[in-house]
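Everything on this sheet refers to the single structure shown next.
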Amino acid sequence: MYQTDFAAVANYFDELILAEIRKNNQAALGELYKTHYPMAVHLVCSNSGTEQEAKDVFQEAVIAFYERAQQPGFALTCKIKTYLYAVCRRLWLKRLSEKRRFDVSIAEGELFEGLEDEMDEVLQSEMSFERMHESLRALGEPCRSIIEDFYIRDFSMELIREKFGYTTADNAKNQKYKCLQRLKKLFFEDQRKGK
């Protein structure tokens, strides 16, 4: 159950961050740094780089993401983390190539040993996130709003009770539980169908 909740929250978190970045919200950019910068440090420092180089690469990746997000019609087809990881990886490979211009070329696979397995895991996660997104869309109202209000907007059960007209916070909590059960059922039905 926890993984299902996490997937829903992570997917909506990315959508909210993207929407706020489009509004030039500096706090959203700060959230990108806080959430994803350690990934860039790990990538660069594990592959012959320094933390300063990781900072530079990550800065370029965030700028690239920001510019893409401002383009009309841009739609995020993967998680923000996956997007930033791919851009950081490409930028770091380019820098490594420039550093070793006169050296014997090192195969990309040697530099990023184990990276393919990591990317396979990321892609599997992406497919799960997309299935969760589809399951949330199929869930319908009021369940979708209750889940978003509780997990994304951090509303209390009392506030949800007032918004949806439940007689007690416990009734609202029971409804949220039923909604999560329906979401879980939809998610696993989609997974069995291979969506």
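Letters A, B, ... mark the chains of the structure tokens in the order given; residue numbers begin at 1 per chain; ligand numbers begin at 1, in order shown.
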Give me the residues within 7 Å of Leu183 of chain A as a PDB file with N, CA and C atoms, in the first residue's frame, counting only C-alpha atoms and dropping any in the same chain fewer than 5 places off.
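After the write, selection-v8.pdb holds the following:
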ATOM      1  N   SER A 135      -4.217   5.200 -13.279  1.00  0.00           N
ATOM      2  CA  SER A 135      -5.156   4.690 -12.275  1.00  0.00           C
ATOM      3  C   SER A 135      -5.834   5.840 -11.544  1.00  0.00           C
ATOM      4  N   LEU A 136      -5.085   6.875 -11.231  1.00  0.00           N
ATOM      5  CA  LEU A 136      -5.679   8.048 -10.571  1.00  0.00           C
ATOM      6  C   LEU A 136      -6.707   8.721 -11.464  1.00  0.00           C
ATOM      7  N   LEU A 139      -9.833   6.750 -11.390  1.00  0.00           N
ATOM      8  CA  LEU A 139     -10.451   6.654 -10.071  1.00  0.00           C
ATOM      9  C   LEU A 139     -11.738   7.470  -9.961  1.00  0.00           C
TER      10      LEU A 139
END
Skipping near chain neighbours, those fewer than 4 positions away, what residues fall within 8 Å of Leu43 of chain A using only C-alpha atoms, listed as a PDB file with N, CA and C atoms, in the first residue's frame?
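The resulting file, around.pdb, is shown below:
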ATOM      1  N   MET A  39      21.679  13.462  -6.463  1.00  0.00           N
ATOM      2  CA  MET A  39      21.806  12.505  -7.566  1.00  0.00           C
ATOM      3  C   MET A  39      22.927  12.943  -8.505  1.00  0.00           C
ATOM      4  N   ASN A  47      32.227   9.193 -11.055  1.00  0.00           N
ATOM      5  CA  ASN A  47      32.796   9.029 -12.390  1.00  0.00           C
ATOM      6  C   ASN A  47      33.845  10.107 -12.663  1.00  0.00           C
ATOM      7  N   ALA A  54      30.073  18.716 -10.288  1.00  0.00           N
ATOM      8  CA  ALA A  54      28.686  18.243 -10.180  1.00  0.00           C
ATOM      9  C   ALA A  54      27.738  19.432 -10.060  1.00  0.00           C
ATOM     10  N   ARG A  89      23.918  13.367 -17.080  1.00  0.00           N
ATOM     11  CA  ARG A  89      24.770  12.293 -17.628  1.00  0.00           C
ATOM     12  C   ARG A  89      25.360  12.712 -18.969  1.00  0.00           C
TER      13      ARG A  89
END
- Task: Return the single residue from A:Leu186, A:Ala64, A:Cys78, A:Leu91 that is closest to Arg137 of chain A, with distances computed using only C-alpha atoms.
- Result: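 Closest to Arg137 of chain A, using only C-alpha atoms: A:Leu186.
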- Query: Which value, in Å to one decimal, gives the distance between atom CA of Ala19 of chain A and atom CA of Pro142 of chain A?
  - Reply: 22.7 Å
- Message: Please list as a list in words every residue within 8 Å of segment 152-162 of chain A, counting only C-alpha atoms and excluding residues in the same chain fewer than 4 positions away.
- Response: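 Residues near the query, excluding close chain neighbours: Val9, Tyr12, Phe13, Ile146, Ile147, Glu148, Tyr166, Thr167, Thr168, Ala169, Asp170, Asn171, Ala172 and Lys173 of chain A.
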- Message: Let me make sure I understand: among A:Lys185, A:Ser97, A:Asp149, A:Gln70, which one has the smallest atom-to-atom distance to Lys23 of chain A if we use only C-alpha atoms?
- Response: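 Using only C-alpha atoms, the shortest distance to Lys23 of chain A belongs to A:Gln70.
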- Nearest to Glu134 of chain A: which of A:Lys99, A:Thr50, A:Asn24, A:Glu189 is it, counting only C-alpha atoms?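 So, comparing all the options, the nearest one is A:Glu189.
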